[in-house]
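> Pasting a structure here, questions to come.
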Amino acid sequence: MHRLLLALLVASSALLSGSAVAASRAGTNVGGQSKAVSLHGKDLDTMRTMACSQYGVDVATMQPAKRWTYGKGFAPEIEVAVRCAPHATVNDRPAHYNVVCRRDDDQPAGDWQCLGWEAIVVPTTIGDISVEPGPYSHEFATRTIHEALDSSLFRRDVRDALPTGCRLASNWDGSGQEVAELSCASGHRFLFSFFCPQGKTHCPRLMTATSPGP
């Protein structure tokens, strides 16, 4: 049963393009157009004090704000991406949160909603790799990166993708420990199975890879 379900998942995943992964990272920005804008006054003050406060640290860096428009009937949004100061040490490297804050352009200044993802660094033979563990533990995320590099499959894709930064997500609702997806900023996607009937050696197992389009 495990093998049948995994085969069905792999087959359906192969139909998705690499752009779908990039779109999932952007969230509500799919289909929108953006332009750079400047933050002033209350917006800027709120961003500096609120974006990382839930993690008990200050803002380390802030990217230029963007104004997203989606066409008639949809309110424009202002979006800011923030990197928080380190909050912990994982793998002898500082860990931090990446935060995206948004507000409707017609809402009062300072009325932001923020969502963050923890990012850790995994030391490897090809350098330090940044990865967002998502629903998984630091140990799982670290092991997944090492298993990707140790696998004999898709070696070129793995070495092209990992240095760009990646994130882990559960690909199959209700089975987060069964199949995980590693999506990278390069546009590559990798599926890993945590079902390892032969033991924990080389587990999770790298199963499939999807390269970005031309």
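Convention: chains lettered A, B, ... in structure tokens order; per-chain residue numbering from 1; ligands numbered from 1 as shown.
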Fewer than 6 positions away in the same chain doesn't count, so skip those; otherwise give me all residues within 12 Å of segment 51-55 of chain A, counting only C-alpha atoms, as a PyMOL selection string.
chain A and resi 43-45+61-62+79-88+95-102+110-118
> Can you tell me which residues surround Ala141 of chain A at a distance of at most 9 Å, considering only C-alpha atoms, apart from same-chain residues fewer than 6 positions away, and format the answer as a list in words?
Ile120, Val122, Val131, Glu132, Pro133, Gly134, Arg167 and Leu168 of chain A
> Go through segment 51-168 of chain A and collect every residue that DSSP, computed from the backbone, puts in strand (DSSP E or B); the answer should be as a PyMOL selection string.
chain A and resi 59-62+65-69+77-84+88-90+93-104+113-124+127-132+166-168
> Work out how far apart atom CA of Thr142 of chain A and atom CA of Ser130 of chain A are and give it in Å to one decimal.
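Those two atoms sit 9.9 Å apart.
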> Please compute the atom CA of Leu39 of chain A-atom CA of Pro64 of chain A distance, one decimal, in Å.
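According to the coordinates, atom CA of Leu39 of chain A and atom CA of Pro64 of chain A are separated by 8.4 Å.
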> Determine the nearest neighbour of Asp92 of chain A from the options A:Pro123, A:Gly41, A:Gly73, A:Gly165, counting only C-alpha atoms.
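Looking at the shortest contact to Asp92 of chain A, the residue is A:Pro123.
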> Between atom CA of Ser34 of chain A and atom CA of Gln107 of chain A, what is the spacing in Å?
18.0 Å
> Can you tell me, as a PyMOL selection string, which residues in segment 16-214 of chain A count as helix (DSSP H, G or I) by DSSP?
chain A and resi 18-29+41-50+53-55+138-150+155-164
> Between A:Thr125, A:Thr89, A:Thr164, A:Thr210, which has the minimum distance to Glu181 of chain A (counting only C-alpha atoms)?
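The closest residue to Glu181 of chain A is A:Thr210.
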> Could you list, as a ChimeraX atom specification, every residue within 10 Å of Thr124 of chain A, counting only C-alpha atoms and ignoring same-chain residues fewer than 5 positions away?
/A:129,142,145-146,149
> Considering only C-alpha atoms, state which residue in the set A:Ala75, A:Leu182, A:Val57, A:Ala209 is at the smallest distance from Asp157 of chain A.
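Nearest candidate to Asp157 of chain A out of A:Ala75, A:Leu182, A:Val57, A:Ala209: A:Ala209.
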> So that I can see what lies close to Ala148 of chain A, please list as a list in words the residues with an atom at most 9 Å from it, counting only C-alpha atoms and leaving out residues fewer than 6 positions away in the same chain.
Phe154, Arg155, Val158, Phe190, Phe192, Pro204, Arg205 and Leu206 of chain A
> For each of A:Pro76, A:Gly56, A:Gly187, A:Gly213, take the minimum atom-to-atom distance to Leu162 of chain A, counting only C-alpha atoms, then give the residue where this is smallest.
A:Gly187
> Applying 7 Å and only C-alpha atoms, which residues near Ala180 of chain A remain after dropping the ones on its own chain fewer than 5 positions away? List them as a list in words.
Leu168, Ala169, Ser170, Asn171, Leu191, Phe192 and Ser193 of chain A
